[in-house]
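*Asks:* One structure, pasted below without further comment.
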Number of protein chains: 2
Amino acid sequence: MVRTARFSEDDFIDATMALVAEGGPAAATMQAIARQVGAPTGSIYHRFESRSAVLGAAWNAAYGSFVKALAPLLREGRPREAALAILPWSRENERRARFLLLNEPIALFEDTPPPAPLREELERLENEFDGAFRACVAGCGDGTVRDEELARAKFLIFDAPIAILRPHLVKGGPLPLFAERMIAELHVGMPIAATRDGSMRTVGAA
Amino acid sequence: MVRTARFSEDDFIDATMALVAEGGPAAATMQAIARQVGAPTGSIYHRFESRSAVLGAAWNAAYGSFVKALAPLLREGRPREAALAILPWSRENERRARFLLLNEPIALFEDTPPPAPLREELERLENEFDGAFRACVAGCGDGTVRDEELARAKFLIFDAPIAILRPHLVKGGPLPLFAERMIAELHVGMPIAATRDGSMRTVGAA
DNA sequence: AGCATTCTAAAATGCGTATTCTAATTGACA
DNA sequence: TGTCAATTAGAATACGCATTTTAGAATGCT
């Protein structure tokens, strides 16, 4: 190293997350990112090869943190705890939560996909998350994983909790207690995995 | 009128929905819309004052159709039927469903909001939908509508069913039977409205 | 100190897009 | 059949943005 850098990779990543969380993907122009950091536009290109590289790095960082919080609980066969873990994670990572949970990756990357290394890292993360879901479903049921069971698990543990939180993430303020109650209730009333005789069993009743 | 129009307002609206349903909001450039219809770019501006007017008109059309399908069932106090009605609506309006249910309005309009008349029409539709939810919740409970109850109803009848359908809408093919089963089960296991004594009652058990 | 290297800095470029402009065409009506 | 306003038609414009370029500044190493 020959000159101390004033702006780190993470500076740009954080600025990008903040801008997208605030005003959607289109708000994160290169100029806006630079302005937020207090750097000239061109400096970003010393850290990232393109805009989609910045967005991709930000996405991987947020998604990686999220998966790290949930996957272990899934592999331990505790889907209810995994679903509820989204709440503290969102509270402790407010910016990341708004960035990750209120945006579709397809909307972020629709123009130009991130460079290969970032795509590969994302794929690893997705496989890790998917594997955790499969392990969880296999543990709850009779060992085999059917499409329906996987869809049920992903809905109960991921999509439904996010749908419950979304209005509050959009609005801003704190996540209300009844949102937590709603997530917990989902796991009492709805079956996740088939038992050997073809009936369904709920998780909460285990 | 002195010359028969070759391209109608609806032609452009349909083309816009198709493009967004296929490739996201960014795919619906004015040139792409024109190409899809077979018209020159400039012709769009004889029907719509701007791109956001086209997107706004398309959104209102899809949302209006959706609200028309669900609101009456809500006002009749049949939340379960309303939730399940999303399925046939999506099957009969595949393009509209992908356009409406896979896109956030915030992503469509983040750059420039649609002109005032369209915004007002959208607000009317939203109020109509919200009013239907409130009527439904008031009918199920003791007449008053608390925030939590409204949130529960909107989740059970709108957000959760859409979260269940989303993966299949994205993938394309037909909506599987088990998706319908999952929506129905939600309404058996989860309470929607508080009764006078503070306990919750489910809709399916009514 | 002098050099090589990595960074900041800011202006310049180029491209894709929405929007506007100008001209040509159409067809109901007098 | 001639008129004329609405429409088609397609090129021209303007602008915002990602990206590149060029110049200058800072730091560790010799």
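Ordering of the structure tokens sets the chain letters (A, B, ...); residue numbers start at 1 within each chain; ligands are numbered from 1 in the order shown.
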Segment 52-206 of chain B: which residues are strand (DSSP E or B) by DSSP, as a ChimeraX atom specification?
*Replies:* /B:191-194,200-202
*Asks:* Would you write out those residues with N, CA and C atoms, as an mmCIF file, in the first residue's frame?
*Replies:*
data_model
loop_
_atom_site.group_PDB
_atom_site.id
_atom_site.type_symbol
_atom_site.label_atom_id
_atom_site.label_comp_id
_atom_site.auth_asym_id
_atom_site.auth_seq_id
_atom_site.Cartn_x
_atom_site.Cartn_y
_atom_site.Cartn_z
ATOM 1 N N PRO B 191 -56.413 -16.492 13.736
ATOM 2 C CA PRO B 191 -57.535 -15.623 14.066
ATOM 3 C C PRO B 191 -57.466 -14.327 13.287
ATOM 4 N N ILE B 192 -58.609 -13.783 12.967
ATOM 5 C CA ILE B 192 -58.613 -12.519 12.232
ATOM 6 C C ILE B 192 -59.122 -11.372 13.096
ATOM 7 N N ALA B 193 -60.124 -11.612 13.921
ATOM 8 C CA ALA B 193 -60.726 -10.504 14.663
ATOM 9 C C ALA B 193 -60.947 -10.894 16.115
ATOM 10 N N ALA B 194 -60.823 -9.899 16.984
ATOM 11 C CA ALA B 194 -61.046 -10.142 18.411
ATOM 12 C C ALA B 194 -62.547 -10.181 18.715
ATOM 13 N N MET B 200 -59.492 -14.387 20.322
ATOM 14 C CA MET B 200 -59.547 -14.244 18.866
ATOM 15 C C MET B 200 -60.388 -15.382 18.295
ATOM 16 N N ARG B 201 -61.097 -15.094 17.248
ATOM 17 C CA ARG B 201 -61.782 -16.206 16.588
ATOM 18 C C ARG B 201 -61.304 -16.331 15.141
ATOM 19 N N THR B 202 -61.217 -17.564 14.694
ATOM 20 C CA THR B 202 -60.800 -17.785 13.324
ATOM 21 C C THR B 202 -61.990 -17.629 12.414
#
*Asks:* List as a PyMOL selection string the protein and nucleic acid residues near segment 26-29 of chain D, meaning an atom at most 12 Å away when only C-alpha atoms (C1' of nucleotides) are counted, but skip any in the same chain fewer than 5 places from it.
*Replies:* (chain A and resi 1-6) or (chain C and resi 1-8)
*Asks:* Please provide the set of residues having any atom within 9 Å of segment 19-25 of chain C, restricted to only C-alpha atoms (C1' of nucleotides), with same-chain residues fewer than 6 positions apart removed, written as an mmCIF file with N, CA and C atoms (P, O5', C5', C4', C3', O3' and C1' of nucleotides), in the first residue's frame.
*Replies:*
data_model
loop_
_atom_site.group_PDB
_atom_site.id
_atom_site.type_symbol
_atom_site.label_atom_id
_atom_site.label_comp_id
_atom_site.auth_asym_id
_atom_site.auth_seq_id
_atom_site.Cartn_x
_atom_site.Cartn_y
_atom_site.Cartn_z
ATOM 1 N N GLY B 42 -43.723 8.290 -31.157
ATOM 2 C CA GLY B 42 -44.448 9.522 -30.897
ATOM 3 C C GLY B 42 -45.939 9.344 -30.713
ATOM 4 N N TYR B 45 -47.722 9.555 -27.343
ATOM 5 C CA TYR B 45 -47.959 10.855 -26.711
ATOM 6 C C TYR B 45 -49.246 11.518 -27.179
ATOM 7 N N SER B 50 -47.228 11.196 -20.690
ATOM 8 C CA SER B 50 -45.871 10.827 -20.313
ATOM 9 C C SER B 50 -45.803 9.329 -20.076
ATOM 10 P P DT D 7 -57.284 11.644 -32.263
ATOM 11 O "O5'" DT D 7 -56.110 11.063 -33.131
ATOM 12 C "C5'" DT D 7 -56.385 10.030 -34.052
ATOM 13 C "C4'" DT D 7 -55.291 9.932 -35.077
ATOM 14 C "C3'" DT D 7 -53.963 9.380 -34.581
ATOM 15 O "O3'" DT D 7 -53.967 7.969 -34.679
ATOM 16 C "C1'" DT D 7 -53.742 11.038 -36.321
ATOM 17 P P DT D 8 -52.647 7.159 -34.209
ATOM 18 O "O5'" DT D 8 -51.720 7.172 -35.500
ATOM 19 C "C5'" DT D 8 -52.190 6.607 -36.719
ATOM 20 C "C4'" DT D 8 -51.209 6.909 -37.835
ATOM 21 C "C3'" DT D 8 -49.856 6.213 -37.714
ATOM 22 O "O3'" DT D 8 -49.529 5.637 -38.961
ATOM 23 C "C1'" DT D 8 -49.549 8.547 -38.008
ATOM 24 P P DA D 9 -48.425 4.513 -39.027
ATOM 25 O "O5'" DA D 9 -47.089 5.336 -39.212
ATOM 26 C "C5'" DA D 9 -46.941 6.158 -40.371
ATOM 27 C "C4'" DA D 9 -45.695 6.991 -40.245
ATOM 28 C "C3'" DA D 9 -44.504 6.319 -39.545
ATOM 29 O "O3'" DA D 9 -43.528 6.041 -40.529
ATOM 30 C "C1'" DA D 9 -44.759 8.609 -38.915
ATOM 31 P P DA D 11 -36.291 7.770 -39.285
ATOM 32 O "O5'" DA D 11 -35.451 9.092 -39.513
ATOM 33 C "C5'" DA D 11 -36.035 10.164 -40.252
ATOM 34 C "C4'" DA D 11 -36.013 11.450 -39.433
ATOM 35 C "C3'" DA D 11 -34.663 11.708 -38.738
ATOM 36 O "O3'" DA D 11 -34.285 13.043 -39.002
ATOM 37 C "C1'" DA D 11 -36.435 11.883 -37.178
ATOM 38 P P DA D 12 -32.909 13.607 -38.382
ATOM 39 O "O5'" DA D 12 -33.389 14.457 -37.133
ATOM 40 C "C5'" DA D 12 -34.235 15.586 -37.347
ATOM 41 C "C4'" DA D 12 -34.329 16.375 -36.050
ATOM 42 C "C3'" DA D 12 -32.982 16.666 -35.387
ATOM 43 O "O3'" DA D 12 -33.010 17.995 -34.902
ATOM 44 C "C1'" DA D 12 -34.367 15.434 -33.892
ATOM 45 P P DT D 13 -31.769 18.556 -34.101
ATOM 46 O "O5'" DT D 13 -32.265 18.476 -32.601
ATOM 47 C "C5'" DT D 13 -33.565 19.006 -32.265
ATOM 48 C "C4'" DT D 13 -33.817 18.782 -30.792
ATOM 49 C "C3'" DT D 13 -32.632 19.131 -29.888
ATOM 50 O "O3'" DT D 13 -33.075 20.098 -28.950
ATOM 51 C "C1'" DT D 13 -33.539 17.009 -29.337
ATOM 52 P P DA D 14 -32.028 20.853 -28.069
ATOM 53 O "O5'" DA D 14 -32.329 20.187 -26.652
ATOM 54 C "C5'" DA D 14 -33.646 19.709 -26.360
ATOM 55 C "C4'" DA D 14 -33.602 18.992 -25.040
ATOM 56 C "C3'" DA D 14 -32.445 19.413 -24.134
ATOM 57 O "O3'" DA D 14 -32.943 19.492 -22.830
ATOM 58 C "C1'" DA D 14 -32.275 17.094 -24.609
#
*Asks:* May I ask which of the residues A:Ala53, A:Ala138, A:Ala61, A:Ala69 is the closest one to Met17 of chain A, counting only C-alpha atoms?
*Replies:*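 For Met17 of chain A, the nearest of the given residues is A:Ala61.
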*Asks:* Using only C-alpha atoms, which of A:Val137, A:Leu169, A:Leu101, A:Ala151 sits nearest chain B?
*Replies:*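 Comparing A:Val137, A:Leu169, A:Leu101, A:Ala151 against chain B, the winner is A:Ala151.
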*Asks:* So that I can see what lies close to DA30 of chain C, please list as a PyMOL selection string the residues with an atom at most 12 Å from it, counting only C-alpha atoms (C1' of nucleotides) and leaving out residues fewer than 5 positions away in the same chain.
*Replies:* chain D and resi 1-4
*Asks:* With a distance cut-off of 10 Å and only C-alpha atoms (C1' of nucleotides), select the neighbouring residues of segment 19-35 of chain A, excluding the residue or stretch itself and same-chain residues fewer than 6 positions from it, and output the selection as a ChimeraX atom specification.
*Replies:* /A:7,11-13,41-45,50-51,54-55,94-105,107-109,169-170 /B:106-107,110-111 /D:17-19
*Asks:* Give one line per residue of chain C that approaches chain B to at most 6 Å, naming the two atoms of the closest pair and their distance in Å to one decimal, counting only C-alpha atoms (C1' of nucleotides); sort by chain then ascending residue number and deliver it as JSON lines.
*Replies:*
{"residue": "C:DT26", "atom": "C1'", "partner": "B:Arg3", "partner_atom": "CA", "distance": 5.5}
{"residue": "C:DG27", "atom": "C1'", "partner": "B:Arg3", "partner_atom": "CA", "distance": 5.2}
{"residue": "C:DA28", "atom": "C1'", "partner": "B:Val2", "partner_atom": "CA", "distance": 5.4}
*Asks:* Taking only chain A into account, list the residues labelled helix (DSSP H, G or I) by DSSP (computed from the backbone), as number ranges by chain.
*Replies:* A: 9-23, 25-27, 30-37, 41-46, 51-75, 79-92, 94-101, 105-109, 116-140, 147-171, 177-189
*Asks:* Please, what distance in Å, to one decimal, runs between atom CA of Leu70 of chain A and atom CA of Ala85 of chain A?
*Replies:*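 Computing it gives 6.8 Å between the two atoms.
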*Asks:* Could you tell me how far atom CA of Leu150 of chain B lies from atom CA of Val67 of chain B, in Å and to one decimal?
*Replies:* 16.8 Å
*Asks:* How many Å separate atom CA of Asp147 of chain A from atom CA of Ala160 of chain A?
*Replies:*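 Result for atom CA of Asp147 of chain A versus atom CA of Ala160 of chain A: 17.5 Å, one decimal.
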*Asks:* Identify which of the residues A:Pro167, A:Gly143, A:Gly173, A:Gly131 lies closest to chain B, counting only C-alpha atoms when measuring atom-to-atom distances.
*Replies:*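 Among A:Pro167, A:Gly143, A:Gly173, A:Gly131, it is A:Pro167 that comes nearest to chain B.
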